[in-house]
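Structure file my_file.txt (compact mmCIF, C-alpha atoms) follows.
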```
# COMPACT_ATOMS: atom_id res chain seq x y z
CA MET A 24 96.63 102.14 19.50
CA ASP A 25 97.72 98.79 20.85
CA ILE A 26 95.62 95.77 19.77
CA ARG A 27 96.48 92.27 20.97
CA VAL A 28 94.56 89.12 20.07
CA GLN A 29 96.17 86.18 21.83
CA SER A 30 95.59 82.76 23.41
CA ASP A 31 98.14 83.41 26.15
CA PRO A 32 97.01 84.75 29.54
CA PHE A 33 97.84 88.37 30.40
CA GLN A 34 98.14 90.40 33.60
CA PRO A 35 95.69 93.35 33.63
CA GLY A 36 97.79 95.11 36.28
CA GLU A 37 100.99 94.94 34.28
CA ALA A 38 99.13 96.18 31.19
CA LEU A 39 97.57 99.04 33.19
CA ASP A 40 100.89 100.21 34.64
CA THR A 41 102.56 100.22 31.22
CA PHE A 42 99.55 102.03 29.80
CA CYS A 43 99.67 104.73 32.51
CA ASP A 44 103.31 105.49 31.67
CA GLY A 45 104.01 107.81 28.77
CA PRO A 46 103.44 111.47 27.85
CA THR A 47 102.09 113.46 30.81
CA ASP A 48 99.25 115.13 28.88
CA VAL A 49 97.07 112.31 30.23
CA GLY A 50 94.98 112.98 33.33
CA ALA A 51 92.50 110.11 33.15
CA VAL A 52 92.93 106.39 32.47
CA VAL A 53 89.93 104.06 32.41
CA SER A 54 90.27 100.29 32.16
CA PHE A 55 87.78 97.47 31.76
CA THR A 56 88.71 93.87 32.56
CA GLY A 57 86.40 91.01 31.56
CA ILE A 58 86.58 87.89 33.74
CA VAL A 59 85.07 84.43 33.11
CA ARG A 60 82.15 84.31 35.53
CA ASP A 61 81.12 81.07 37.21
CA THR A 62 77.46 80.95 36.17
CA GLY A 63 76.36 77.84 38.04
CA GLY A 64 78.59 74.96 37.10
CA LEU A 65 80.57 76.42 34.23
CA THR A 66 83.68 74.27 33.95
CA ARG A 67 85.33 75.99 31.00
CA MET A 68 84.76 78.27 28.05
CA GLU A 69 86.08 78.05 24.48
CA ILE A 70 86.49 81.31 22.62
CA GLU A 71 86.64 80.98 18.83
CA HIS A 72 87.64 83.88 16.64
CA TYR A 73 88.20 84.77 12.98
CA PRO A 74 91.96 85.30 12.55
CA GLY A 75 92.65 88.18 10.22
CA MET A 76 89.23 89.75 10.56
CA THR A 77 89.49 90.03 14.35
CA GLU A 78 92.45 92.43 14.32
CA ARG A 79 90.89 94.43 11.47
CA ALA A 80 87.52 94.74 13.21
CA ILE A 81 89.04 95.76 16.55
CA SER A 82 91.41 98.26 14.90
CA GLU A 83 88.47 99.85 13.09
CA ILE A 84 86.43 100.10 16.33
CA ALA A 85 89.43 101.62 18.15
CA ARG A 86 90.09 104.03 15.28
CA ARG A 87 86.52 105.30 15.45
CA ALA A 88 86.76 105.75 19.23
CA THR A 89 90.01 107.69 18.88
CA GLU A 90 88.36 109.93 16.28
CA ARG A 91 85.26 110.58 18.34
CA TRP A 92 86.93 111.25 21.68
CA ALA A 93 90.25 112.99 22.31
CA LEU A 94 92.16 109.85 23.27
CA SER A 95 95.92 109.95 23.77
CA ARG A 96 96.21 106.17 23.91
CA CYS A 97 93.97 103.14 23.55
CA LEU A 98 94.59 99.45 24.35
CA VAL A 99 92.60 96.30 23.58
CA ILE A 100 93.67 92.80 24.65
CA HIS A 101 91.34 89.88 23.82
CA ARG A 102 92.03 86.20 24.41
CA TYR A 103 90.78 83.21 22.48
CA GLY A 104 91.03 79.48 23.24
CA SER A 105 90.18 77.65 26.44
CA LEU A 106 89.45 79.58 29.65
CA VAL A 107 88.14 78.64 33.11
CA PRO A 108 86.17 80.69 35.68
CA GLY A 109 88.27 83.49 37.10
CA ASP A 110 90.43 83.81 33.97
CA ARG A 111 90.74 87.29 32.50
CA ILE A 112 89.18 87.19 29.02
CA MET A 113 89.91 90.67 27.79
CA MET A 114 90.84 94.20 28.69
CA VAL A 115 90.31 97.66 27.31
CA ALA A 116 92.08 100.85 28.41
CA THR A 117 91.67 104.47 27.32
CA ALA A 118 93.72 107.55 28.20
CA SER A 119 92.58 111.13 27.85
CA ARG A 120 93.00 114.56 29.40
CA HIS A 121 89.63 114.37 31.12
CA ARG A 122 87.61 111.60 32.72
CA ALA A 123 84.40 111.91 30.69
CA ALA A 124 86.16 111.13 27.39
CA ALA A 125 88.09 108.20 28.87
CA PHE A 126 84.94 106.67 30.39
CA GLU A 127 82.77 107.13 27.31
CA ALA A 128 85.39 105.81 24.90
CA ALA A 129 85.93 102.70 27.06
CA GLN A 130 82.17 102.05 27.13
CA TYR A 131 81.99 102.54 23.35
CA LEU A 132 84.87 100.09 22.80
CA MET A 133 83.21 97.49 25.04
CA ASP A 134 79.79 97.85 23.41
CA TYR A 135 81.27 97.37 19.93
CA LEU A 136 83.64 94.56 20.94
CA LYS A 137 80.64 92.68 22.39
CA SER A 138 78.64 92.65 19.15
CA ARG A 139 80.96 93.58 16.29
CA ALA A 140 84.26 91.80 16.92
CA PRO A 141 84.29 88.23 15.53
CA PHE A 142 84.46 86.18 18.72
CA TRP A 143 82.11 83.37 19.74
CA LYS A 144 81.93 81.80 23.19
CA LYS A 145 81.02 78.20 23.94
CA GLU A 146 80.33 77.29 27.56
CA PHE A 147 80.95 73.81 28.95
CA GLY A 148 79.08 72.64 32.06
CA PRO A 149 77.71 69.51 33.70
CA ASP A 150 74.81 69.42 31.17
CA GLY A 151 77.03 69.67 28.11
CA ALA A 152 78.17 72.51 25.91
CA GLU A 153 76.29 75.51 24.57
CA TRP A 154 77.12 78.48 22.34
CA VAL A 155 76.52 81.76 24.14
CA ALA A 156 73.70 83.62 22.37
CA ALA A 157 73.96 87.32 21.57
CA THR A 158 71.45 89.36 23.58
CA ASP A 159 69.08 92.10 22.41
CA GLU A 160 70.46 94.15 25.28
CA ASP A 161 73.97 94.02 23.80
CA GLU A 162 72.65 94.93 20.35
CA ASP A 163 70.58 97.79 21.82
CA ALA A 164 73.66 99.14 23.64
CA LEU A 165 75.04 100.22 20.24
CA ASN A 166 72.11 102.58 19.69
CA ARG A 167 73.33 105.07 22.24
CA TRP A 168 76.41 105.95 20.19
CA MET B 24 84.65 98.23 50.33
CA ASP B 25 88.32 99.20 50.50
CA ILE B 26 89.03 102.91 51.14
CA ARG B 27 92.62 104.17 51.37
CA VAL B 28 93.62 107.80 51.98
CA GLN B 29 97.41 108.01 51.97
CA SER B 30 100.40 110.20 51.19
CA ASP B 31 102.45 107.23 49.92
CA PRO B 32 102.54 106.41 46.20
CA PHE B 33 100.65 103.33 45.00
CA GLN B 34 100.82 101.06 41.95
CA PRO B 35 97.48 101.04 40.04
CA GLY B 36 98.41 97.74 38.39
CA GLU B 37 99.12 95.95 41.64
CA ALA B 38 95.85 97.29 43.07
CA LEU B 39 93.94 96.18 39.95
CA ASP B 40 95.34 92.63 40.01
CA THR B 41 94.49 92.21 43.71
CA PHE B 42 91.04 93.67 43.04
CA CYS B 43 90.39 91.22 40.16
CA ASP B 44 91.13 88.25 42.42
CA GLY B 45 88.36 86.99 44.65
CA PRO B 46 84.94 85.34 44.28
CA THR B 47 84.24 84.38 40.65
CA ASP B 48 80.75 85.89 40.52
CA VAL B 49 82.45 88.95 39.02
CA GLY B 50 82.47 89.34 35.24
CA ALA B 51 83.32 93.03 34.90
CA VAL B 52 85.96 95.20 36.58
CA VAL B 53 86.25 98.91 35.76
CA SER B 54 89.09 101.07 37.04
CA PHE B 55 89.80 104.77 36.87
CA THR B 56 93.30 106.16 37.49
CA GLY B 57 93.85 109.90 37.94
CA ILE B 58 97.28 111.20 36.92
CA VAL B 59 98.84 114.64 37.56
CA ARG B 60 98.72 116.30 34.16
CA ASP B 61 101.43 118.68 33.02
CA THR B 62 99.28 121.73 32.20
CA GLY B 63 101.95 124.02 30.81
CA GLY B 64 104.71 124.40 33.36
CA LEU B 65 103.19 122.71 36.39
CA THR B 66 106.12 121.81 38.63
CA ARG B 67 104.22 120.23 41.51
CA MET B 68 100.85 119.94 43.18
CA GLU B 69 99.94 119.95 46.87
CA ILE B 70 96.82 118.07 47.86
CA GLU B 71 95.34 119.05 51.22
CA HIS B 72 92.59 117.03 52.87
CA TYR B 73 90.46 116.93 56.02
CA PRO B 74 91.64 113.93 58.04
CA GLY B 75 88.72 112.15 59.65
CA MET B 76 86.10 113.63 57.35
CA THR B 77 87.84 112.35 54.19
CA GLU B 78 87.43 108.67 55.05
CA ARG B 79 83.84 109.25 56.24
CA ALA B 80 82.85 111.14 53.10
CA ILE B 81 84.42 108.57 50.74
CA SER B 82 82.89 105.65 52.65
CA GLU B 83 79.46 107.25 52.41
CA ILE B 84 79.86 107.85 48.64
CA ALA B 85 81.03 104.24 48.16
CA ARG B 86 78.16 102.92 50.32
CA ARG B 87 75.62 104.72 48.17
CA ALA B 88 77.22 103.36 44.97
CA THR B 89 77.14 99.82 46.36
CA GLU B 90 73.47 100.26 47.24
CA ARG B 91 72.50 101.66 43.86
CA TRP B 92 74.38 99.19 41.67
CA ALA B 93 74.96 95.50 42.31
CA LEU B 94 78.65 95.81 43.15
CA SER B 95 80.59 92.85 44.50
CA ARG B 96 83.59 94.99 45.43
CA CYS B 97 84.61 98.62 45.39
CA LEU B 98 88.02 100.27 45.89
CA VAL B 99 89.03 103.92 46.36
CA ILE B 100 92.66 105.05 46.80
CA HIS B 101 93.33 108.80 47.10
CA ARG B 102 96.67 110.44 47.81
CA TYR B 103 97.37 113.72 49.57
CA GLY B 104 100.61 115.69 49.95
CA SER B 105 103.10 116.68 47.28
CA LEU B 106 102.87 115.26 43.74
CA VAL B 107 104.58 115.97 40.42
CA PRO B 108 103.36 115.54 36.81
CA GLY B 109 102.97 111.87 35.95
CA ASP B 110 102.24 110.85 39.55
CA ARG B 111 99.11 108.77 40.10
CA ILE B 112 96.79 110.83 42.33
CA MET B 113 93.97 108.42 42.87
CA MET B 114 92.21 105.30 41.71
CA VAL B 115 88.73 103.85 41.79
CA ALA B 116 87.74 100.27 40.93
CA THR B 117 84.35 98.59 40.78
CA ALA B 118 83.43 94.92 40.28
CA SER B 119 80.07 93.62 39.17
CA ARG B 120 78.46 90.78 37.23
CA HIS B 121 77.84 92.98 34.22
CA ARG B 122 79.70 95.83 32.57
CA ALA B 123 76.99 98.51 32.68
CA ALA B 124 76.83 98.47 36.50
CA ALA B 125 80.61 98.52 36.88
CA PHE B 126 81.00 101.46 34.45
CA GLU B 127 78.17 103.52 35.91
CA ALA B 128 79.22 102.98 39.51
CA ALA B 129 82.81 104.01 38.70
CA GLN B 130 81.56 107.19 37.00
CA TYR B 131 79.30 107.93 39.99
CA LEU B 132 82.22 107.46 42.41
CA MET B 133 84.43 109.78 40.35
CA ASP B 134 81.77 112.48 40.02
CA TYR B 135 81.17 112.52 43.78
CA LEU B 136 84.85 112.28 44.74
CA LYS B 137 85.53 115.33 42.54
CA SER B 138 83.06 117.61 44.32
CA ARG B 139 82.11 115.99 47.62
CA ALA B 140 85.27 114.50 49.10
CA PRO B 141 87.26 117.07 51.15
CA PHE B 142 90.39 117.44 49.02
CA TRP B 143 91.85 120.70 47.73
CA LYS B 144 94.58 120.99 45.10
CA LYS B 145 97.18 123.74 44.89
CA GLU B 146 99.26 123.97 41.72
CA PHE B 147 102.81 125.34 41.68
CA GLY B 148 104.27 126.68 38.45
CA PRO B 149 106.73 129.27 37.13
CA ASP B 150 104.23 132.09 37.92
CA GLY B 151 103.64 131.03 41.50
CA ALA B 152 101.00 128.95 43.24
CA GLU B 153 97.24 128.80 42.76
CA TRP B 154 94.38 126.85 44.31
CA VAL B 155 92.50 124.81 41.72
CA ALA B 156 88.95 126.16 41.43
CA ALA B 157 85.96 123.86 41.33
CA THR B 158 84.21 123.96 37.94
CA ASP B 159 80.50 124.28 37.13
CA GLU B 160 81.02 121.26 34.88
CA ASP B 161 82.05 119.09 37.83
CA GLU B 162 79.12 120.33 39.90
CA ASP B 163 76.72 119.73 36.99
CA ALA B 164 78.05 116.18 36.59
CA LEU B 165 76.26 115.28 39.84
CA ASN B 166 72.87 116.11 38.35
CA ARG B 167 72.81 113.02 36.17
CA TRP B 168 72.64 110.70 39.19
CA MET C 22 87.54 80.33 -6.46
CA ILE C 23 86.10 81.73 -3.23
CA ASP C 24 87.29 80.68 0.20
CA VAL C 25 84.18 80.11 2.36
CA MET C 26 84.65 80.13 6.15
CA TYR C 27 82.30 78.91 8.86
CA PHE C 28 82.43 79.76 12.56
CA ALA C 29 80.84 78.61 15.83
CA TRP C 30 77.68 76.49 15.36
CA VAL C 31 77.63 77.15 11.62
CA ARG C 32 81.02 75.44 11.44
CA GLU C 33 79.75 72.58 13.61
CA ARG C 34 76.62 72.02 11.48
CA ILE C 35 78.56 72.07 8.22
CA GLY C 36 81.40 70.02 9.67
CA GLU C 37 84.23 72.05 8.10
CA PRO C 38 85.96 75.28 9.14
CA HIS C 39 86.37 76.36 5.50
CA GLU C 40 86.34 75.19 1.91
CA ALA C 41 87.37 76.55 -1.49
CA LEU C 42 84.43 76.74 -3.90
CA GLU C 43 83.92 77.31 -7.61
CA THR C 44 80.64 79.16 -7.97
CA GLU C 45 78.59 81.07 -10.54
CA ALA C 46 76.74 82.91 -7.77
CA THR C 47 76.86 86.71 -8.12
CA THR C 48 75.70 87.56 -4.58
CA VAL C 49 76.06 86.06 -1.10
CA ALA C 50 72.35 85.12 -1.18
CA GLU C 51 72.87 83.19 -4.42
CA LEU C 52 75.84 81.41 -2.90
CA VAL C 53 73.71 80.38 0.10
CA ALA C 54 70.94 79.10 -2.23
CA GLU C 55 73.52 77.10 -4.19
CA LEU C 56 75.01 75.57 -1.03
CA LYS C 57 71.56 74.59 0.30
CA THR C 58 70.93 72.42 -2.78
CA ARG C 59 74.19 70.58 -2.21
CA ASP C 60 73.69 68.76 1.06
CA PRO C 61 71.32 68.68 4.07
CA ARG C 62 74.18 69.93 6.27
CA TYR C 63 73.99 73.29 4.48
CA GLU C 64 70.22 73.32 4.73
CA ALA C 65 70.54 72.88 8.50
CA ALA C 66 73.16 75.61 8.79
CA PHE C 67 71.36 78.14 6.59
CA ALA C 68 67.77 77.37 7.67
CA ASP C 69 67.28 80.74 9.38
CA LEU C 70 69.29 83.50 7.73
CA SER C 71 68.15 86.04 10.35
CA ALA C 72 70.25 84.08 12.88
CA LEU C 73 73.35 84.47 10.68
CA ARG C 74 75.85 87.17 9.93
CA VAL C 75 78.12 87.34 6.91
CA ALA C 76 81.51 88.89 6.24
CA VAL C 77 82.88 89.54 2.75
CA ASP C 78 86.67 89.82 2.54
CA GLN C 79 86.73 90.17 6.34
CA GLU C 80 84.24 93.06 6.51
CA LEU C 81 80.67 92.67 7.81
CA ALA C 82 78.27 92.68 4.85
CA ASN C 83 74.67 91.95 3.83
CA PHE C 84 73.32 88.87 2.07
CA ASP C 85 72.78 90.92 -1.09
CA ALA C 86 76.49 91.83 -1.26
CA PRO C 87 78.01 91.14 -4.73
CA LEU C 88 80.68 88.44 -5.06
CA LYS C 89 82.54 89.93 -8.03
CA GLY C 90 86.27 90.03 -7.17
CA VAL C 91 85.64 88.63 -3.68
CA ARG C 92 88.19 86.17 -2.28
CA GLU C 93 86.69 85.27 1.10
CA VAL C 94 83.15 84.90 2.45
CA ALA C 95 82.43 83.93 6.08
CA PHE C 96 79.21 82.80 7.77
CA PHE C 97 78.70 82.88 11.52
CA PRO C 98 76.15 83.57 14.28
CA PRO C 99 75.93 87.02 15.94
CA MET C 100 79.23 87.75 17.65
CA THR C 101 79.71 87.45 21.41
CA GLY C 102 83.01 89.15 22.20
CA GLY C 103 84.01 91.11 25.27
CA MET D 14 84.20 124.82 73.18
CA ILE D 15 84.02 124.26 69.45
CA ASP D 16 86.98 123.21 67.34
CA VAL D 17 86.98 125.36 64.20
CA MET D 18 88.98 124.11 61.21
CA TYR D 19 90.08 125.97 58.08
CA PHE D 20 91.28 124.44 54.81
CA ALA D 21 92.92 125.56 51.56
CA TRP D 22 92.80 129.33 50.94
CA VAL D 23 90.50 129.86 53.95
CA ARG D 24 93.27 128.47 56.14
CA GLU D 25 95.83 130.67 54.37
CA ARG D 26 93.76 133.86 54.83
CA ILE D 27 93.09 133.18 58.50
CA GLY D 28 96.62 131.99 59.10
CA GLU D 29 95.73 129.00 61.29
CA PRO D 30 94.61 125.45 60.45
CA HIS D 31 92.29 125.32 63.47
CA GLU D 32 91.43 126.95 66.78
CA ALA D 33 89.29 126.14 69.81
CA LEU D 34 86.62 128.80 70.41
CA GLU D 35 84.18 129.69 73.17
CA THR D 36 81.10 131.07 71.46
CA GLU D 37 77.49 132.02 72.21
CA ALA D 38 76.57 131.57 68.53
CA THR D 39 73.63 129.19 67.98
CA THR D 40 74.15 128.67 64.23
CA VAL D 41 77.09 128.50 61.82
CA ALA D 42 76.00 131.86 60.34
CA GLU D 43 76.13 133.48 63.80
CA LEU D 44 79.59 132.01 64.35
CA VAL D 45 80.76 133.52 61.06
CA ALA D 46 79.30 136.93 62.01
CA GLU D 47 81.07 136.76 65.39
CA LEU D 48 84.41 135.83 63.77
CA LYS D 49 84.15 138.69 61.25
CA THR D 50 84.00 141.25 64.08
CA ARG D 51 87.18 139.86 65.60
CA ASP D 52 89.85 140.56 63.03
CA PRO D 53 90.23 141.66 59.37
CA ARG D 54 91.68 138.22 58.55
CA TYR D 55 88.25 136.69 59.17
CA GLU D 56 86.56 139.41 57.17
CA ALA D 57 88.83 138.55 54.24
CA ALA D 58 88.18 134.83 54.59
CA PHE D 59 84.40 135.11 54.98
CA ALA D 60 83.81 138.00 52.55
CA ASP D 61 81.89 135.85 50.05
CA LEU D 62 79.99 133.02 51.73
CA SER D 63 78.83 131.66 48.35
CA ALA D 64 82.47 130.70 47.70
CA LEU D 65 82.61 128.70 50.94
CA ARG D 66 81.41 125.34 52.12
CA VAL D 67 80.92 124.28 55.72
CA ALA D 68 81.04 120.93 57.52
CA VAL D 69 79.55 120.37 60.98
CA ASP D 70 81.01 117.42 62.88
CA GLN D 71 82.60 116.24 59.61
CA GLU D 72 79.36 116.24 57.59
CA LEU D 73 78.59 118.82 54.89
CA ALA D 74 76.05 121.31 56.25
CA ASN D 75 74.42 124.68 55.56
CA PHE D 76 75.22 128.02 57.15
CA ASP D 77 71.94 127.91 59.09
CA ALA D 78 72.94 124.61 60.77
CA PRO D 79 72.50 124.76 64.59
CA LEU D 80 75.60 124.52 66.80
CA LYS D 81 73.99 122.93 69.87
CA GLY D 82 76.06 119.90 70.87
CA VAL D 83 78.47 120.39 67.96
CA ARG D 84 82.17 119.73 68.56
CA GLU D 85 83.74 120.59 65.22
CA VAL D 86 82.97 123.13 62.48
CA ALA D 87 85.07 123.40 59.31
CA PHE D 88 85.21 126.09 56.61
CA PHE D 89 86.69 125.52 53.16
CA PRO D 90 86.29 126.32 49.44
CA PRO D 91 84.42 123.92 47.12
CA MET D 92 86.25 120.60 47.06
CA THR D 93 88.50 119.53 44.19
CA GLY D 94 89.16 115.83 44.68
CA GLY D 95 89.63 113.13 42.07
```

Here is the file; what I need is its structure written in the form of structure tokens.
Amino acid sequence: MDIRVQSDPFQPGEALDTFCDGPTDVGAVVSFTGIVRDTGGLTRMEIEHYPGMTERAISEIARRATERWALSRCLVIHRYGSLVPGDRIMMVATASRHRAAAFEAAQYLMDYLKSRAPFWKKEFGPDGAEWVAATDEDEDALNRW
Amino acid sequence: MDIRVQSDPFQPGEALDTFCDGPTDVGAVVSFTGIVRDTGGLTRMEIEHYPGMTERAISEIARRATERWALSRCLVIHRYGSLVPGDRIMMVATASRHRAAAFEAAQYLMDYLKSRAPFWKKEFGPDGAEWVAATDEDEDALNRW
Amino acid sequence: MIDVMYFAWVRERIGEPHEALETEATTVAELVAELKTRDPRYEAAFADLSALRVAVDQELANFDAPLKGVREVAFFPPMTGG
Amino acid sequence: MIDVMYFAWVRERIGEPHEALETEATTVAELVAELKTRDPRYEAAFADLSALRVAVDQELANFDAPLKGVREVAFFPPMTGG
């Protein structure tokens, strides 16, 4: 379990290649990369987080995923600070013997990171700044697990 | 839509980084990497394919995924020839505005590539060689779509 | 002494990222009630509790969570990670 | 003339990756029946049709697919990609 909460940029490709290396009992690696999307005039985004709790919350989510699916490895990288459209915000990777477990665990990690990891996004555009609101859809996504 | 059928090795990380670049209407990138798993004494694997039909079949699967989900980009790399445990066999990547579409489309691509793209795997081990049999599980996986 | 932390627009409305408080409150809800009597900034921040989440010692909790032995309480809007 | 292709263990049992055939067969099933009379190798390969898949001009097809105008027919076991 590799959890990184950082303000520095990261290269998803480099992280994926390192993640794919290792014991050869792994047949399936799934990755998710989140990218700052240019939603009509977004100039930048500030991501605030809760140091201390963030690592704890993510570790707990990852621990539960590793318990529920037969994961060999699991990676979460999440940035905070100032980002612009095109920047990679975060990444999740899961490794398992079979594809179903790797896919489901990655979706589980993403659903929980969205609504249960202490990050808050503020978007800056031509009309000022606004905190991104949590959606019912994201909250509902947790019900499937 | 980027479809590559090749005997040469590829770097999943390099492919992922290139795939993440591009128009910034993309918020979610999902990748799947298939790795040759060491299932008790596997020394190598031969992947045979049907040149001509392979590209057609994969393009058709990718076209249907792009139609069904709002994908901005879609990548499939699949190797043939001789591989050893740890080698990356294949990779799929999908890019969309939101994570649900990217995850589902990647799972759809994988399920169809497993059972509908003309590849056949032969495993070589200490007890000789054996063609990998298709499983009911893989066939059943298509029913969810 | 409890360390009280504020994040996102809760932090902006209160004007501080955190403060150390002496309180007699025995639950999070009592602490909120106490803060609201202090200053209109707290009233603005805590006007709609259904729009807020709370963490006690860095674990998500409810507003009826007890404060006995607690060192850190945090208030923030629903999280938007990922 | 139809180009007939064989893959995986079908290829191994027949001993050739492909061959060009003159045939009067009007469907894939008739072509299979014709091949089985030719040589025991074909009988071995086509013994259990439920274990085989067929493609006609590089598209998956059924055994009752017509051969009129067809240039290429391929026989192989269920695919194992991914």

So how far away is atom CA of B:Ile100 from atom CA of B:Ala164, in Å?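 Interatomic distance, atom CA of B:Ala164 to atom CA of B:Ile100: 21.0 Å.
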
Matching every Cα in sequence order between the two identical chains, what are the coordinates of chain C once fitted onto chain D? Write them as an mmCIF file with C-alpha atoms, in the frame of the given file.
```cif
data_model
loop_
_atom_site.group_PDB
_atom_site.id
_atom_site.type_symbol
_atom_site.label_atom_id
_atom_site.label_comp_id
_atom_site.auth_asym_id
_atom_site.auth_seq_id
_atom_site.Cartn_x
_atom_site.Cartn_y
_atom_site.Cartn_z
ATOM 1 C CA MET C 22 84.200 124.853 73.194
ATOM 2 C CA ILE C 23 84.019 124.273 69.440
ATOM 3 C CA ASP C 24 86.992 123.223 67.356
ATOM 4 C CA VAL C 25 86.977 125.371 64.186
ATOM 5 C CA MET C 26 88.988 124.100 61.198
ATOM 6 C CA TYR C 27 90.076 125.958 58.081
ATOM 7 C CA PHE C 28 91.268 124.443 54.807
ATOM 8 C CA ALA C 29 92.928 125.559 51.561
ATOM 9 C CA TRP C 30 92.789 129.344 50.965
ATOM 10 C CA VAL C 31 90.495 129.865 53.947
ATOM 11 C CA ARG C 32 93.277 128.460 56.123
ATOM 12 C CA GLU C 33 95.835 130.671 54.371
ATOM 13 C CA ARG C 34 93.762 133.856 54.819
ATOM 14 C CA ILE C 35 93.087 133.166 58.488
ATOM 15 C CA GLY C 36 96.638 131.991 59.105
ATOM 16 C CA GLU C 37 95.717 128.996 61.291
ATOM 17 C CA PRO C 38 94.630 125.443 60.458
ATOM 18 C CA HIS C 39 92.289 125.336 63.473
ATOM 19 C CA GLU C 40 91.434 126.951 66.777
ATOM 20 C CA ALA C 41 89.292 126.151 69.817
ATOM 21 C CA LEU C 42 86.618 128.794 70.412
ATOM 22 C CA GLU C 43 84.188 129.706 73.171
ATOM 23 C CA THR C 44 81.097 131.071 71.471
ATOM 24 C CA GLU C 45 77.490 132.016 72.211
ATOM 25 C CA ALA C 46 76.570 131.575 68.545
ATOM 26 C CA THR C 47 73.638 129.194 67.984
ATOM 27 C CA THR C 48 74.146 128.675 64.233
ATOM 28 C CA VAL C 49 77.085 128.511 61.820
ATOM 29 C CA ALA C 50 75.997 131.873 60.349
ATOM 30 C CA GLU C 51 76.132 133.471 63.802
ATOM 31 C CA LEU C 52 79.577 132.014 64.357
ATOM 32 C CA VAL C 53 80.766 133.520 61.053
ATOM 33 C CA ALA C 54 79.302 136.936 62.015
ATOM 34 C CA GLU C 55 81.070 136.741 65.381
ATOM 35 C CA LEU C 56 84.412 135.833 63.784
ATOM 36 C CA LYS C 57 84.147 138.689 61.253
ATOM 37 C CA THR C 58 83.995 141.252 64.082
ATOM 38 C CA ARG C 59 87.169 139.845 65.592
ATOM 39 C CA ASP C 60 89.841 140.570 63.025
ATOM 40 C CA PRO C 61 90.216 141.658 59.371
ATOM 41 C CA ARG C 62 91.683 138.225 58.569
ATOM 42 C CA TYR C 63 88.247 136.694 59.185
ATOM 43 C CA GLU C 64 86.567 139.416 57.173
ATOM 44 C CA ALA C 65 88.839 138.549 54.241
ATOM 45 C CA ALA C 66 88.185 134.827 54.586
ATOM 46 C CA PHE C 67 84.411 135.109 54.983
ATOM 47 C CA ALA C 68 83.805 137.998 52.546
ATOM 48 C CA ASP C 69 81.885 135.845 50.056
ATOM 49 C CA LEU C 70 79.998 133.022 51.745
ATOM 50 C CA SER C 71 78.822 131.652 48.375
ATOM 51 C CA ALA C 72 82.471 130.711 47.704
ATOM 52 C CA LEU C 73 82.596 128.693 50.946
ATOM 53 C CA ARG C 74 81.412 125.328 52.121
ATOM 54 C CA VAL C 75 80.919 124.260 55.715
ATOM 55 C CA ALA C 76 81.047 120.934 57.522
ATOM 56 C CA VAL C 77 79.549 120.347 60.970
ATOM 57 C CA ASP C 78 81.027 117.407 62.883
ATOM 58 C CA GLN C 79 82.605 116.233 59.612
ATOM 59 C CA GLU C 80 79.366 116.234 57.589
ATOM 60 C CA LEU C 81 78.592 118.818 54.885
ATOM 61 C CA ALA C 82 76.044 121.304 56.245
ATOM 62 C CA ASN C 83 74.404 124.678 55.572
ATOM 63 C CA PHE C 84 75.216 128.029 57.159
ATOM 64 C CA ASP C 85 71.936 127.906 59.083
ATOM 65 C CA ALA C 86 72.928 124.623 60.773
ATOM 66 C CA PRO C 87 72.505 124.757 64.598
ATOM 67 C CA LEU C 88 75.611 124.542 66.796
ATOM 68 C CA LYS C 89 73.968 122.941 69.836
ATOM 69 C CA GLY C 90 76.061 119.902 70.858
ATOM 70 C CA VAL C 91 78.465 120.408 67.942
ATOM 71 C CA ARG C 92 82.160 119.717 68.562
ATOM 72 C CA GLU C 93 83.730 120.583 65.205
ATOM 73 C CA VAL C 94 82.978 123.119 62.468
ATOM 74 C CA ALA C 95 85.087 123.390 59.288
ATOM 75 C CA PHE C 96 85.213 126.083 56.598
ATOM 76 C CA PHE C 97 86.698 125.512 53.163
ATOM 77 C CA PRO C 98 86.297 126.312 49.449
ATOM 78 C CA PRO C 99 84.422 123.921 47.110
ATOM 79 C CA MET C 100 86.250 120.603 47.057
ATOM 80 C CA THR C 101 88.488 119.533 44.176
ATOM 81 C CA GLY C 102 89.158 115.829 44.669
ATOM 82 C CA GLY C 103 89.635 113.125 42.076
#
```

Based on only C-alpha atoms, which of the residues in chain B come within 9 Å of chain D? I want them as number ranges by chain. B: 57, 70-73, 75-77, 79-80, 101, 112-114, 133-145, 154-158

Just to confirm, what's the straight-line distance from atom CA of B:Asp61 to atom CA of B:Thr41 in Å (one decimal)?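 These atoms are spaced 29.4 Å apart.
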
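The residue that comes closest to B:His121, out of B:Leu106, B:Ile58, B:Ala51, B:Val28 and on the basis of only C-alpha atoms, is B:Ala51.
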
In Å, with one decimal, what is the gap from atom CA of C:Leu52 to atom CA of A:Glu162?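 Result for atom CA of C:Leu52 versus atom CA of A:Glu162: 27.1 Å, one decimal.
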
For D:Leu34, work out the shell of residues within 10 Å, counting all atoms listed in the file and skipping chain neighbours fewer than 3 positions away, then give it as JSON, numbers by chain. {"D": [14, 15, 16, 17, 31, 37, 44, 48]}

I'd like the neighbourhood of D:Ala58 as a list in words, where a residue qualifies if any of its atoms comes within 6 Å (using all atoms listed in the file), though same-chain residues fewer than 2 positions away should be ignored.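 Neighbouring residues, sequence-local ones excluded: Val23, Arg26, Tyr55, Glu56 and Ala60 of chain D.
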